[in-house]
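Everything below belongs to coords.tsv, which stores TSV, C-alpha atoms.
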chain	number	residue	atom	x	y	z
A	172	MET	CA	122.65	124.23	-27.25
A	173	GLU	CA	124.41	126.91	-29.19
A	174	ASN	CA	126.10	124.22	-31.33
A	175	LEU	CA	122.75	122.74	-32.03
A	176	ILE	CA	121.39	126.10	-33.03
A	177	GLU	CA	124.38	126.77	-35.23
A	178	THR	CA	124.27	123.28	-36.74
A	179	PHE	CA	120.67	123.59	-37.72
A	180	HIS	CA	120.86	127.38	-38.44
A	181	ILE	CA	117.92	128.03	-36.13
A	182	ASP	CA	116.80	131.59	-35.81
A	183	ILE	CA	115.13	131.99	-32.42
A	184	LYS	CA	113.17	135.00	-33.41
A	185	LEU	CA	112.01	133.40	-36.52
A	186	LEU	CA	111.13	130.34	-34.54
A	187	ILE	CA	109.19	132.37	-32.05
A	188	ALA	CA	107.50	134.21	-34.90
A	189	GLN	CA	106.74	130.91	-36.55
A	190	VAL	CA	105.38	129.53	-33.25
A	191	ILE	CA	103.21	132.58	-32.81
A	192	ASN	CA	102.23	132.30	-36.44
A	193	PHE	CA	101.42	128.65	-35.99
A	194	ALA	CA	99.48	129.42	-32.85
A	195	ILE	CA	97.47	132.02	-34.69
A	196	VAL	CA	96.87	129.74	-37.67
A	197	PHE	CA	96.06	126.88	-35.37
A	198	SER	CA	93.68	129.04	-33.37
A	199	VAL	CA	92.00	130.28	-36.50
A	200	LEU	CA	91.83	126.79	-37.92
A	201	TYR	CA	90.65	125.39	-34.60
A	202	PHE	CA	87.90	127.89	-34.05
A	203	PHE	CA	86.73	128.32	-37.64
A	204	ALA	CA	87.38	124.96	-39.14
A	205	LEU	CA	88.24	122.19	-36.75
A	206	LYS	CA	85.70	123.00	-34.04
A	207	PRO	CA	82.71	123.33	-36.43
A	208	LEU	CA	83.97	120.28	-38.27
A	209	LEU	CA	84.27	118.34	-35.01
A	210	LYS	CA	80.86	119.54	-34.04
A	211	VAL	CA	79.44	118.45	-37.39
A	212	MET	CA	81.25	115.19	-37.10
A	213	CYS	CA	80.04	114.75	-33.56
A	214	ASP	CA	76.48	115.50	-34.66
A	215	ARG	CA	76.86	113.20	-37.57
A	216	THR	CA	78.25	110.51	-35.31
A	217	LYS	CA	75.34	111.02	-32.98
A	218	LYS	CA	72.91	110.86	-35.91
A	219	ILE	CA	74.53	107.74	-37.20
A	220	GLU	CA	74.51	106.23	-33.74
A	221	LYS	CA	70.92	107.25	-33.39
A	222	SER	CA	70.16	105.81	-36.81
A	223	ILE	CA	71.91	102.62	-35.89
A	224	ASP	CA	70.11	102.59	-32.61
A	225	ASP	CA	66.83	103.27	-34.36
A	226	ALA	CA	67.61	100.63	-36.91
A	227	GLN	CA	68.35	98.19	-34.10
A	228	LYS	CA	65.18	99.21	-32.41
A	229	ILE	CA	63.30	98.81	-35.67
A	230	GLU	CA	64.97	95.50	-36.16
A	231	GLU	CA	64.07	94.48	-32.64
A	232	LYS	CA	60.58	95.72	-33.21
A	233	LEU	CA	60.45	93.93	-36.47
A	234	SER	CA	61.71	90.78	-34.91
A	235	LYS	CA	59.29	91.34	-32.09
A	236	THR	CA	56.52	91.96	-34.58
A	237	ASP	CA	57.55	88.84	-36.42
A	238	GLU	CA	57.35	86.92	-33.17
A	239	GLU	CA	54.02	88.48	-32.35
A	240	TYR	CA	52.85	87.85	-35.84
A	241	ASN	CA	54.00	84.26	-35.64
A	242	LYS	CA	52.44	83.99	-32.22
A	243	ALA	CA	49.22	85.55	-33.45
A	244	ILE	CA	49.28	83.26	-36.48
A	245	SER	CA	49.95	80.32	-34.20
A	246	ASN	CA	47.15	81.40	-31.87
A	247	ALA	CA	44.87	82.00	-34.81
A	248	LYS	CA	45.77	78.58	-36.15
A	249	LYS	CA	45.11	77.05	-32.75
A	250	LYS	CA	41.82	78.91	-32.49
A	251	ALA	CA	40.97	77.96	-36.05
A	252	ASN	CA	41.81	74.34	-35.22
A	253	ILE	CA	39.65	74.49	-32.12
A	254	ILE	CA	36.83	76.07	-34.13
A	255	MET	CA	37.31	73.47	-36.85
A	256	GLU	CA	37.32	70.70	-34.26
A	257	LYS	CA	34.21	72.13	-32.68
A	258	ALA	CA	32.62	72.55	-36.08
A	259	ASN	CA	33.58	68.98	-36.94
A	260	VAL	CA	32.21	67.73	-33.64
A	261	MET	CA	29.03	69.72	-34.18
A	262	ALA	CA	28.78	68.57	-37.77
A	263	GLU	CA	29.32	65.00	-36.66
A	264	LYS	CA	26.76	65.41	-33.91
A	265	LYS	CA	24.32	66.93	-36.35
A	266	ARG	CA	25.01	64.14	-38.80
A	267	GLN	CA	24.45	61.57	-36.06
A	268	ASP	CA	21.29	63.39	-35.02
A	269	LEU	CA	20.05	63.45	-38.59
A	270	ILE	CA	20.87	59.76	-39.00
A	271	LYS	CA	19.12	59.01	-35.71
A	272	LYS	CA	16.13	61.10	-36.71
A	273	ALA	CA	15.98	59.43	-40.10
A	274	LYS	CA	16.28	56.02	-38.43
A	275	ASP	CA	13.55	56.94	-35.96
A	276	GLU	CA	11.32	58.17	-38.74
A	277	ILE	CA	11.93	55.05	-40.77
A	278	GLY	CA	11.29	52.98	-37.64
A	279	GLN	CA	8.07	54.83	-37.01
A	280	ILE	CA	6.96	54.37	-40.60
A	281	ILE	CA	7.78	50.67	-40.41
A	282	ASN	CA	5.97	50.33	-37.09
A	283	LYS	CA	2.99	52.21	-38.46
A	284	GLU	CA	2.95	50.02	-41.52
A	285	LYS	CA	3.25	46.93	-39.34
A	286	GLU	CA	0.44	48.18	-37.14
A	287	GLN	CA	-1.66	48.94	-40.21
A	288	MET	CA	-0.92	45.49	-41.57
A	289	GLN	CA	-1.87	43.93	-38.24
A	290	ILE	CA	-5.12	45.92	-38.23
A	291	GLU	CA	-5.82	44.91	-41.82
A	292	LYS	CA	-5.00	41.30	-40.99
A	293	ALA	CA	-7.25	41.36	-37.92
A	294	ARG	CA	-10.02	43.00	-39.93
A	295	THR	CA	-9.72	40.44	-42.72
A	296	LEU	CA	-9.62	37.62	-40.20
A	297	LYS	CA	-12.67	39.02	-38.46
A	298	GLU	CA	-14.50	39.32	-41.77
A	299	ILE	CA	-13.57	35.75	-42.68
A	300	LYS	CA	-14.69	34.56	-39.27
A	301	LYS	CA	-17.94	36.48	-39.60
A	302	GLU	CA	-18.61	35.15	-43.07
A	303	THR	CA	-17.79	31.61	-41.94
A	304	ALA	CA	-20.02	32.02	-38.91
A	305	ASP	CA	-22.83	33.40	-41.08
A	306	LEU	CA	-22.50	30.45	-43.44
A	307	VAL	CA	-22.39	27.92	-40.60
A	308	VAL	CA	-25.36	29.52	-38.86
A	309	ALA	CA	-27.34	29.76	-42.11
A	310	SER	CA	-26.61	26.09	-42.86
A	311	LEU	CA	-27.54	25.04	-39.33
A	312	GLU	CA	-30.74	27.09	-39.57
A	313	LYS	CA	-31.78	25.24	-42.72
A	314	ILE	CA	-30.89	21.87	-41.20
A	315	LEU	CA	-32.78	22.68	-37.99
A	316	GLU	CA	-35.81	23.90	-39.92
A	317	LYS	CA	-35.95	20.55	-41.70
A	318	LYS	CA	-35.03	18.27	-38.81
A	319	MET	CA	-36.83	19.85	-35.87
A	320	ASP	CA	-40.29	18.52	-34.97
A	321	SER	CA	-42.58	18.68	-31.93
A	322	LYS	CA	-40.98	15.64	-30.34
A	323	LYS	CA	-37.47	17.00	-30.59
A	324	ASP	CA	-38.67	20.40	-29.52
A	325	GLY	CA	-40.26	18.83	-26.42
A	326	GLU	CA	-37.02	17.00	-25.61
A	327	LEU	CA	-35.04	20.20	-26.03
A	328	ILE	CA	-37.35	22.07	-23.66
A	329	LYS	CA	-37.08	19.22	-21.14
A	330	LYS	CA	-33.31	19.47	-21.28
A	331	MET	CA	-33.49	23.24	-20.80
A	332	VAL	CA	-35.77	22.83	-17.78
A	333	LYS	CA	-33.50	20.21	-16.22
A	334	LYS	CA	-30.51	22.55	-16.46
B	59	MET	CA	-60.62	64.55	-5.18
B	60	LYS	CA	-60.10	62.16	-8.06
B	61	ILE	CA	-59.87	58.45	-7.26
B	62	THR	CA	-57.36	56.53	-9.34
B	63	ALA	CA	-58.02	53.18	-11.00
B	64	LYS	CA	-55.51	51.58	-8.61
B	65	GLN	CA	-57.33	52.95	-5.57
B	66	TYR	CA	-60.67	51.63	-6.93
B	67	ALA	CA	-59.06	48.27	-7.55
B	68	GLU	CA	-57.61	48.10	-4.00
B	69	SER	CA	-61.01	48.98	-2.52
B	70	LEU	CA	-62.73	46.33	-4.65
B	71	TYR	CA	-60.18	43.72	-3.61
B	72	GLU	CA	-60.75	44.47	0.08
B	73	ALA	CA	-64.49	44.37	-0.45
B	74	VAL	CA	-64.55	40.93	-2.10
B	75	GLN	CA	-62.17	39.26	0.32
B	76	ASN	CA	-63.65	36.40	2.38
B	77	ARG	CA	-67.00	36.67	0.64
B	78	ASN	CA	-69.01	33.95	-1.06
B	79	ASP	CA	-70.14	34.11	-4.71
B	80	SER	CA	-73.53	35.73	-4.11
B	81	GLN	CA	-71.98	38.33	-1.82
B	82	ILE	CA	-69.28	39.05	-4.41
B	83	LYS	CA	-71.93	39.66	-7.08
B	84	VAL	CA	-73.62	42.19	-4.80
B	85	VAL	CA	-70.28	43.89	-4.06
B	86	ILE	CA	-69.48	44.16	-7.78
B	87	ASN	CA	-72.90	45.62	-8.56
B	88	ASN	CA	-72.46	48.19	-5.81
B	89	PHE	CA	-68.96	48.94	-6.99
B	90	PHE	CA	-70.12	49.69	-10.52
B	91	SER	CA	-72.94	51.84	-9.13
B	92	ILE	CA	-70.30	53.88	-7.31
B	93	LEU	CA	-68.25	54.19	-10.51
B	94	VAL	CA	-71.34	55.52	-12.32
B	95	GLN	CA	-72.13	57.91	-9.47
B	96	ASN	CA	-68.57	59.22	-9.52
B	97	ASN	CA	-68.63	59.54	-13.31
B	98	ASP	CA	-65.65	57.16	-13.42
B	99	ILE	CA	-67.19	54.40	-15.52
B	100	ALA	CA	-64.56	55.11	-18.15
B	101	LYS	CA	-61.97	53.85	-15.65
B	102	ALA	CA	-63.69	50.48	-15.40
B	103	GLU	CA	-61.30	48.77	-17.79
B	104	ASP	CA	-58.21	50.11	-15.97
B	105	VAL	CA	-59.74	49.12	-12.64
B	106	VAL	CA	-60.17	45.57	-13.90
B	107	VAL	CA	-56.53	45.46	-15.01
B	108	GLU	CA	-55.32	46.83	-11.66
B	109	PHE	CA	-57.63	44.45	-9.76
B	110	GLU	CA	-56.18	41.53	-11.69
B	111	LYS	CA	-52.67	42.63	-10.76
B	112	ILE	CA	-53.56	42.95	-7.09
B	113	TRP	CA	-55.44	39.66	-7.13
B	114	ASN	CA	-52.51	37.86	-8.76
B	115	ILE	CA	-50.02	39.32	-6.27
B	116	GLU	CA	-52.18	38.48	-3.27
B	117	GLN	CA	-53.02	34.98	-4.53
B	118	GLY	CA	-49.45	34.23	-5.62
B	119	ILE	CA	-50.36	34.02	-9.27
B	120	ILE	CA	-48.06	35.18	-12.02
B	121	LYS	CA	-48.58	35.57	-15.72
B	122	ALA	CA	-45.99	34.03	-17.99
B	123	GLU	CA	-45.45	33.69	-21.69
B	124	ALA	CA	-43.89	30.69	-23.40
B	125	MET	CA	-42.81	31.28	-26.98
B	126	SER	CA	-42.07	28.21	-29.12
B	127	ALA	CA	-41.57	27.41	-32.77
B	128	ARG	CA	-44.48	24.96	-32.83
B	129	GLU	CA	-47.42	23.89	-30.69
B	130	LEU	CA	-46.27	22.27	-27.44
B	131	ASP	CA	-47.82	19.08	-26.08
B	132	LYS	CA	-49.59	19.01	-22.73
B	133	ASN	CA	-46.71	17.36	-20.90
B	134	THR	CA	-44.26	20.03	-22.04
B	135	VAL	CA	-46.68	22.82	-21.05
B	136	LYS	CA	-47.09	21.19	-17.65
B	137	LEU	CA	-43.36	20.90	-17.29
B	138	LEU	CA	-42.90	24.57	-18.17
B	139	ASN	CA	-45.59	25.55	-15.69
B	140	SER	CA	-43.93	23.73	-12.85
B	141	HIS	CA	-40.53	25.09	-13.90
B	142	ILE	CA	-41.79	28.69	-13.78
B	143	VAL	CA	-43.46	28.02	-10.41
B	144	GLU	CA	-40.14	26.74	-9.13
B	145	LEU	CA	-38.21	29.74	-10.49
B	146	SER	CA	-40.63	32.46	-9.42
B	147	SER	CA	-41.84	30.96	-6.11
B	148	ALA	CA	-45.40	31.69	-7.25
B	149	LYS	CA	-48.33	29.46	-6.25
B	150	LYS	CA	-49.84	29.37	-9.70
B	151	VAL	CA	-48.77	30.31	-13.20
B	152	ILE	CA	-51.03	31.49	-15.97
B	153	LEU	CA	-49.10	30.50	-19.06
B	154	ASP	CA	-49.75	32.18	-22.36
B	155	GLN	CA	-48.39	30.21	-25.32
B	156	LYS	CA	-47.18	31.92	-28.45
B	157	ILE	CA	-45.90	30.46	-31.69
B	158	ASN	CA	-42.92	32.05	-33.43
B	159	LYS	CA	-41.23	29.93	-36.10
B	160	ASN	CA	-38.30	32.28	-36.16
B	161	ILE	CA	-36.92	30.87	-32.89
B	162	LEU	CA	-36.47	27.49	-34.68
B	163	GLY	CA	-36.86	25.37	-31.52
B	164	GLY	CA	-36.77	25.40	-27.74
B	165	THR	CA	-38.65	28.08	-25.89
B	166	VAL	CA	-38.44	31.64	-24.64
B	167	ILE	CA	-40.10	32.15	-21.27
B	168	LYS	CA	-41.10	35.58	-20.04
B	169	TYR	CA	-42.47	36.23	-16.58
B	170	GLU	CA	-42.51	39.35	-14.44
B	171	ASP	CA	-39.48	41.24	-15.71
B	172	LYS	CA	-37.42	38.16	-16.57
B	173	ILE	CA	-36.69	36.50	-19.89
B	174	LEU	CA	-35.26	32.97	-20.15
B	175	ASP	CA	-34.14	32.38	-23.69
B	176	GLY	CA	-33.67	28.69	-24.36
B	177	SER	CA	-34.38	28.94	-28.07
B	178	LEU	CA	-32.29	27.43	-30.84
B	179	ARG	CA	-32.11	30.93	-32.35
B	180	MET	CA	-30.27	32.06	-29.19
B	181	ARG	CA	-27.96	29.02	-29.34
B	182	LEU	CA	-27.11	29.83	-32.94
B	183	SER	CA	-26.53	33.43	-31.99
B	184	GLU	CA	-24.17	32.34	-29.17
B	185	LEU	CA	-22.38	29.99	-31.55
B	186	LYS	CA	-21.94	32.80	-34.04
B	187	SER	CA	-20.53	35.11	-31.33
B	188	GLU	CA	-18.06	32.41	-30.27
B	189	MET	CA	-16.95	31.83	-33.84
B	190	VAL	CA	-16.43	35.52	-34.51
B	191	LYS	CA	-14.35	36.06	-31.30
Translate the structure described by the file into C-alpha coordinates.
Amino acid sequence: MENLIETFHIDIKLLIAQVINFAIVFSVLYFFALKPLLKVMCDRTKKIEKSIDDAQKIEEKLSKTDEEYNKAISNAKKKANIIMEKANVMAEKKRQDLIKKAKDEIGQIINKEKEQMQIEKARTLKEIKKETADLVVASLEKILEKKMDSKKDGELIKKMVKK
Amino acid sequence: MKITAKQYAESLYEAVQNRNDSQIKVVINNFFSILVQNNDIAKAEDVVVEFEKIWNIEQGIIKAEAMSARELDKNTVKLLNSHIVELSSAKKVILDQKINKNILGGTVIKYEDKILDGSLRMRLSELKSEMVK
(Lines of atoms letter the chains of each structure in order from A and count residues from 1; the text may use other names and numbers.)
(Lines give C-alpha, C1' and ligand atoms only; values in the text may rest on other atoms or scores of the structure.)
Protein backbone atom coordinates (compact mmCIF):
# COMPACT_ATOMS: atom_id res chain seq x y z
CA MET A 1 0.00 0.00 0.00
CA GLU A 2 2.79 2.31 0.96
CA ASN A 3 4.64 1.37 -2.24
CA LEU A 4 1.59 2.20 -4.21
CA ILE A 5 1.29 5.53 -2.49
CA GLU A 6 4.95 6.26 -3.06
CA THR A 7 4.80 5.09 -6.67
CA PHE A 8 1.92 7.34 -7.50
CA HIS A 9 3.02 10.16 -5.10
CA ILE A 10 -0.41 10.17 -3.46
CA ASP A 11 -0.93 12.66 -0.71
CA ILE A 12 -3.63 11.30 1.59
CA LYS A 13 -4.53 14.64 2.98
CA LEU A 14 -4.73 16.14 -0.37
CA LEU A 15 -6.79 13.23 -1.49
CA ILE A 16 -9.13 13.61 1.42
CA ALA A 17 -9.31 17.33 0.76
CA GLN A 18 -9.97 16.63 -2.89
CA VAL A 19 -12.66 14.08 -1.94
CA ILE A 20 -14.27 16.57 0.37
CA ASN A 21 -13.89 19.19 -2.30
CA PHE A 22 -15.43 16.89 -4.85
CA ALA A 23 -18.22 16.03 -2.47
CA ILE A 24 -18.93 19.69 -1.94
CA VAL A 25 -18.78 20.46 -5.66
CA PHE A 26 -20.86 17.43 -6.41
CA SER A 27 -23.40 18.40 -3.77
CA VAL A 28 -23.57 21.92 -5.07
CA LEU A 29 -23.81 20.71 -8.64
CA TYR A 30 -26.34 18.07 -7.68
CA PHE A 31 -28.63 20.36 -5.76
CA PHE A 32 -28.31 23.48 -7.90
CA ALA A 33 -27.73 22.09 -11.33
CA LEU A 34 -28.31 18.40 -11.76
CA LYS A 35 -31.49 18.10 -9.69
CA PRO A 36 -33.28 21.06 -11.35
CA LEU A 37 -31.99 19.86 -14.68
CA LEU A 38 -33.25 16.33 -14.00
CA LYS A 39 -36.51 17.77 -12.86
CA VAL A 40 -36.76 19.87 -16.02
CA MET A 41 -35.79 16.89 -18.07
CA CYS A 42 -38.26 14.72 -16.25
CA ASP A 43 -40.98 17.32 -16.82
CA ARG A 44 -39.96 17.65 -20.39
CA THR A 45 -40.00 13.89 -20.79
CA LYS A 46 -43.42 13.79 -19.24
CA LYS A 47 -44.59 16.59 -21.54
CA ILE A 48 -43.17 14.83 -24.53
CA GLU A 49 -44.72 11.57 -23.43
CA LYS A 50 -47.96 13.39 -22.86
CA SER A 51 -47.64 15.04 -26.25
CA ILE A 52 -46.94 11.72 -27.85
CA ASP A 53 -49.80 10.21 -25.94
CA ASP A 54 -52.03 13.09 -26.96
CA ALA A 55 -50.84 12.80 -30.51
CA GLN A 56 -51.62 9.09 -30.43
CA LYS A 57 -54.96 9.84 -28.95
CA ILE A 58 -55.55 12.49 -31.58
CA GLU A 59 -54.42 10.07 -34.19
CA GLU A 60 -56.71 7.42 -32.78
CA LYS A 61 -59.47 9.94 -32.63
CA LEU A 62 -58.71 11.03 -36.11
CA SER A 63 -58.67 7.50 -37.31
CA LYS A 64 -61.82 6.91 -35.35
CA THR A 65 -63.33 10.04 -36.83
CA ASP A 66 -62.26 8.88 -40.24
CA GLU A 67 -63.97 5.58 -39.60
CA GLU A 68 -67.04 7.31 -38.29
CA TYR A 69 -66.94 9.69 -41.17
CA ASN A 70 -66.58 6.82 -43.59
CA LYS A 71 -69.31 4.98 -41.77
CA ALA A 72 -71.52 8.04 -41.78
CA ILE A 73 -70.76 8.58 -45.45
CA SER A 74 -71.49 4.94 -46.11
CA ASN A 75 -74.72 5.16 -44.11
CA ALA A 76 -75.62 8.38 -45.84
CA LYS A 77 -74.90 6.75 -49.17
CA LYS A 78 -77.02 3.77 -48.19
CA LYS A 79 -79.80 6.05 -47.02
CA ALA A 80 -79.43 8.15 -50.14
CA ASN A 81 -79.59 4.97 -52.22
CA ILE A 82 -82.68 3.84 -50.35
CA ILE A 83 -84.24 7.28 -50.81
CA MET A 84 -83.26 7.25 -54.46
CA GLU A 85 -84.68 3.76 -54.87
CA LYS A 86 -87.85 4.82 -53.14
CA ALA A 87 -87.99 7.98 -55.21
CA ASN A 88 -87.41 5.91 -58.34
CA VAL A 89 -90.09 3.44 -57.30
CA MET A 90 -92.46 6.30 -56.54
CA ALA A 91 -91.57 8.06 -59.75
CA GLU A 92 -92.09 4.84 -61.66
CA LYS A 93 -95.38 4.26 -59.86
CA LYS A 94 -96.45 7.80 -60.60
CA ARG A 95 -95.40 7.40 -64.20
CA GLN A 96 -97.36 4.15 -64.43
CA ASP A 97 -100.32 5.84 -62.76
CA LEU A 98 -100.12 8.74 -65.17
CA ILE A 99 -99.87 6.35 -68.11
CA LYS A 100 -102.80 4.36 -66.76
CA LYS A 101 -104.81 7.51 -66.18
CA ALA A 102 -103.99 8.77 -69.65
CA LYS A 103 -104.92 5.38 -71.10
CA ASP A 104 -108.16 5.37 -69.13
CA GLU A 105 -108.96 8.88 -70.26
CA ILE A 106 -108.20 8.00 -73.86
CA GLY A 107 -110.30 4.85 -73.46
CA GLN A 108 -113.15 6.85 -72.04
CA ILE A 109 -112.92 9.39 -74.85
CA ILE A 110 -112.89 6.59 -77.41
CA ASN A 111 -115.82 4.86 -75.72
CA LYS A 112 -117.71 8.13 -75.55
CA GLU A 113 -117.01 8.79 -79.19
CA LYS A 114 -118.07 5.26 -80.07
CA GLU A 115 -121.23 5.68 -78.03
CA GLN A 116 -121.88 9.03 -79.69
CA MET A 117 -121.31 7.45 -83.08
CA GLN A 118 -123.67 4.61 -82.20
CA ILE A 119 -126.30 7.13 -81.09
CA GLU A 120 -125.80 9.15 -84.26
CA LYS A 121 -125.97 5.98 -86.34
CA ALA A 122 -129.15 4.84 -84.57
CA ARG A 123 -130.65 8.30 -84.96
CA THR A 124 -129.80 8.42 -88.67
CA LEU A 125 -131.13 4.91 -89.14
CA LYS A 126 -134.31 5.82 -87.32
CA GLU A 127 -134.72 8.93 -89.46
CA ILE A 128 -134.14 6.91 -92.62
CA LYS A 129 -136.63 4.30 -91.44
CA LYS A 130 -139.14 7.01 -90.59
CA GLU A 131 -138.72 8.74 -93.92
CA THR A 132 -138.99 5.42 -95.75
CA ALA A 133 -142.07 4.52 -93.74
CA ASP A 134 -143.60 7.94 -94.44
CA LEU A 135 -142.95 7.50 -98.15
CA VAL A 136 -144.32 3.96 -98.20
CA VAL A 137 -147.40 4.97 -96.22
CA ALA A 138 -147.98 8.06 -98.38
CA SER A 139 -147.67 5.94 -101.54
CA LEU A 140 -150.00 3.28 -100.14
CA GLU A 141 -152.48 5.99 -99.14
CA LYS A 142 -152.59 7.32 -102.70
CA ILE A 143 -152.93 3.81 -104.15
CA LEU A 144 -155.69 2.92 -101.67
CA GLU A 145 -157.54 6.17 -102.37
CA LYS A 146 -157.59 5.27 -106.06
CA LYS A 147 -158.21 1.53 -105.79
CA MET A 148 -160.66 1.28 -102.90
CA ASP A 149 -164.38 1.18 -103.73
CA SER A 150 -167.56 0.15 -101.91
CA LYS A 151 -167.21 -3.47 -102.97
CA LYS A 152 -163.68 -3.80 -101.70
CA ASP A 153 -164.58 -1.88 -98.59
CA GLY A 154 -167.44 -4.33 -97.94
CA GLU A 155 -165.10 -7.30 -98.42
CA LEU A 156 -162.58 -5.74 -96.05
CA ILE A 157 -165.23 -5.24 -93.37
CA LYS A 158 -166.40 -8.84 -93.85
CA LYS A 159 -162.86 -10.05 -93.31
CA MET A 160 -162.55 -7.90 -90.18
CA VAL A 161 -165.82 -9.29 -88.80
CA LYS A 162 -164.76 -12.88 -89.50
CA LYS A 163 -161.54 -12.40 -87.54
CA MET B 1 -185.93 18.51 -52.20
CA LYS B 2 -184.81 18.71 -55.81
CA ILE B 3 -185.54 15.73 -58.05
CA THR B 4 -182.81 14.91 -60.54
CA ALA B 5 -183.38 14.14 -64.22
CA LYS B 6 -182.25 10.57 -63.58
CA GLN B 7 -184.79 10.11 -60.78
CA TYR B 8 -187.57 11.47 -63.06
CA ALA B 9 -186.45 9.12 -65.80
CA GLU B 10 -186.46 6.09 -63.45
CA SER B 11 -189.96 6.98 -62.23
CA LEU B 12 -191.21 7.38 -65.80
CA TYR B 13 -189.71 4.04 -66.80
CA GLU B 14 -191.46 2.28 -63.90
CA ALA B 15 -194.70 4.02 -64.76
CA VAL B 16 -194.74 2.95 -68.43
CA GLN B 17 -193.75 -0.65 -67.83
CA ASN B 18 -196.35 -3.27 -68.82
CA ARG B 19 -198.72 -0.63 -70.14
CA ASN B 20 -200.41 -0.44 -73.53
CA ASP B 21 -200.07 2.53 -75.90
CA SER B 22 -203.11 4.47 -74.70
CA GLN B 23 -202.08 4.00 -71.08
CA ILE B 24 -198.54 5.14 -71.90
CA LYS B 25 -199.88 8.33 -73.49
CA VAL B 26 -201.82 9.08 -70.30
CA VAL B 27 -198.75 8.37 -68.15
CA ILE B 28 -196.60 10.70 -70.27
CA ASN B 29 -199.19 13.48 -70.08
CA ASN B 30 -199.36 13.12 -66.31
CA PHE B 31 -195.58 13.02 -66.10
CA PHE B 32 -195.22 16.30 -67.96
CA SER B 33 -197.94 17.84 -65.78
CA ILE B 34 -195.84 16.90 -62.75
CA LEU B 35 -192.74 18.43 -64.35
CA VAL B 36 -194.66 21.68 -64.89
CA GLN B 37 -196.02 21.62 -61.34
CA ASN B 38 -192.52 21.10 -59.97
CA ASN B 39 -191.12 23.86 -62.19
CA ASP B 40 -188.78 21.25 -63.70
CA ILE B 41 -189.89 21.50 -67.32
CA ALA B 42 -186.40 22.68 -68.18
CA LYS B 43 -185.16 19.20 -67.20
CA ALA B 44 -187.42 17.56 -69.77
CA GLU B 45 -184.65 17.14 -72.33
CA ASP B 46 -182.27 15.58 -69.78
CA VAL B 47 -185.05 13.32 -68.54
CA VAL B 48 -185.60 12.07 -72.08
CA VAL B 49 -181.88 11.33 -72.45
CA GLU B 50 -181.77 9.49 -69.10
CA PHE B 51 -184.99 7.62 -69.93
CA GLU B 52 -183.47 6.48 -73.20
CA LYS B 53 -180.41 5.20 -71.37
CA ILE B 54 -182.51 3.30 -68.84
CA TRP B 55 -184.79 1.96 -71.57
CA ASN B 56 -181.83 0.76 -73.63
CA ILE B 57 -180.21 -0.93 -70.62
CA GLU B 58 -183.43 -2.63 -69.57
CA GLN B 59 -184.35 -3.69 -73.11
CA GLY B 60 -180.81 -4.83 -73.96
CA ILE B 61 -180.34 -2.17 -76.60
CA ILE B 62 -177.02 -0.50 -77.24
CA LYS B 63 -176.08 2.42 -79.41
CA ALA B 64 -173.14 1.94 -81.73
CA GLU B 65 -171.34 3.99 -84.32
CA ALA B 66 -169.81 2.61 -87.50
CA MET B 67 -167.41 4.95 -89.25
CA SER B 68 -166.48 4.14 -92.86
CA ALA B 69 -164.82 5.87 -95.78
CA ARG B 70 -167.88 5.48 -98.00
CA GLU B 71 -171.54 4.52 -97.76
CA LEU B 72 -171.96 0.87 -96.73
CA ASP B 73 -174.43 -1.46 -98.44
CA LYS B 74 -177.30 -3.05 -96.52
CA ASN B 75 -175.61 -6.44 -96.23
CA THR B 76 -172.50 -4.93 -94.68
CA VAL B 77 -174.59 -2.88 -92.22
CA LYS B 78 -176.50 -6.02 -91.29
CA LEU B 79 -173.27 -7.89 -90.83
CA LEU B 80 -171.89 -5.15 -88.59
CA ASN B 81 -175.09 -5.14 -86.57
CA SER B 82 -174.93 -8.84 -85.89
CA HIS B 83 -171.20 -8.59 -85.15
CA ILE B 84 -171.77 -5.89 -82.51
CA VAL B 85 -174.66 -7.91 -81.03
CA GLU B 86 -172.31 -10.88 -80.77
CA LEU B 87 -169.53 -8.81 -79.17
CA SER B 88 -171.66 -6.85 -76.71
CA SER B 89 -174.24 -9.54 -75.84
CA ALA B 90 -176.95 -6.93 -76.45
CA LYS B 91 -180.38 -7.88 -77.83
CA LYS B 92 -180.51 -5.06 -80.31
CA VAL B 93 -178.08 -2.54 -81.74
CA ILE B 94 -178.93 0.94 -82.93
CA LEU B 95 -176.20 1.62 -85.44
CA ASP B 96 -175.29 5.14 -86.40
CA GLN B 97 -173.31 5.33 -89.64
CA LYS B 98 -170.75 8.04 -90.25
CA ILE B 99 -168.64 8.77 -93.30
CA ASN B 100 -165.01 9.79 -92.87
CA LYS B 101 -162.85 9.56 -95.99
CA ASN B 102 -159.74 9.96 -93.92
CA ILE B 103 -159.92 6.34 -92.69
CA LEU B 104 -159.45 5.21 -96.35
CA GLY B 105 -161.33 1.91 -95.94
CA GLY B 106 -162.62 -0.63 -93.46
CA THR B 107 -164.56 0.57 -90.45
CA VAL B 108 -164.21 1.93 -86.95
CA ILE B 109 -166.88 0.65 -84.57
CA LYS B 110 -167.65 2.40 -81.31
CA TYR B 111 -170.06 1.03 -78.74
CA GLU B 112 -170.34 1.61 -75.01
CA ASP B 113 -166.78 2.49 -74.06
CA LYS B 114 -165.12 0.30 -76.69
CA ILE B 115 -163.51 1.17 -80.01
CA LEU B 116 -162.73 -1.46 -82.66
CA ASP B 117 -160.50 0.10 -85.27
CA GLY B 118 -160.46 -2.00 -88.42
CA SER B 119 -159.71 0.92 -90.72
CA LEU B 120 -157.05 0.99 -93.41
CA ARG B 121 -155.72 4.15 -91.73
CA MET B 122 -155.00 2.05 -88.62
CA ARG B 123 -153.37 -0.68 -90.73
CA LEU B 124 -151.12 1.91 -92.35
CA SER B 125 -150.31 3.34 -88.96
CA GLU B 126 -149.38 -0.16 -87.67
CA LEU B 127 -147.29 -0.76 -90.78
CA LYS B 128 -145.48 2.52 -90.22
CA SER B 129 -144.79 1.63 -86.56
CA GLU B 130 -143.38 -1.75 -87.61
CA MET B 131 -141.16 -0.17 -90.23
CA VAL B 132 -139.80 2.42 -87.83
CA LYS B 133 -138.98 -0.18 -85.10
(request) Residues of chain B no more than 6 Å from chain A, counting all atoms listed in the file: send them over as a ChimeraX atom specification. (result) /B:163-164,186,189-190
(request) Mind giving me the straight-line distance from CA of Lys136 (chain B) to CA of Lys150 (chain B) in Å, one decimal? (result) 11.7 Å
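From CA of Lys228 (chain A) back to CA of Cys213 (chain A), the distance works out to 21.5 Å.
For the pair CA of Val94 (chain B) and CA of Glu116 (chain B), the interatomic distance is 27.2 Å.
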(message) Between B:Asn160, B:Ser69, B:Gln75, B:Thr165, which residue has the minimum interatomic distance to Val105 (chain B), considering all atoms listed in the file?
(response) B:Ser69
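Contact shell of Arg179 (chain B) at 7 Å (only C-alpha atoms; same-chain neighbours under 4 positions omitted): Ile161, Leu162 and Ser183 of chain B.
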(request) Determine the nearest neighbour of Lys60 (chain B) from the options B:Leu93, B:Val107, B:Leu130, B:Ile167, counting all atoms listed in the file. (result) B:Leu93
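Take the candidates B:Ala73, B:His141, B:Ile112, B:Arg128 and check each one against Lys334 (chain A) using all atoms listed in the file; the shortest distance goes to B:His141.
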(request) Around the point (-62.8, 45.9, -2.6), in the coordinates given by the file, pick out the residues reaching within 12 Å, counting all atoms listed in the file, and return them as a ChimeraX atom specification. (result) /B:64-77,81-90,92,105-106,108-109,112-113
Produce the centre coordinates and the three edge lengths, each in Å to one decimal, of the box along x, y and z that contains all listed atoms of region 206-216 of chain A with 4 Å added on each side, as AutoDock Vina command-line options.
--center_x 81.1 --center_y 116.9 --center_z -35.9 --size_x 17.2 --size_y 20.8 --size_z 12.7
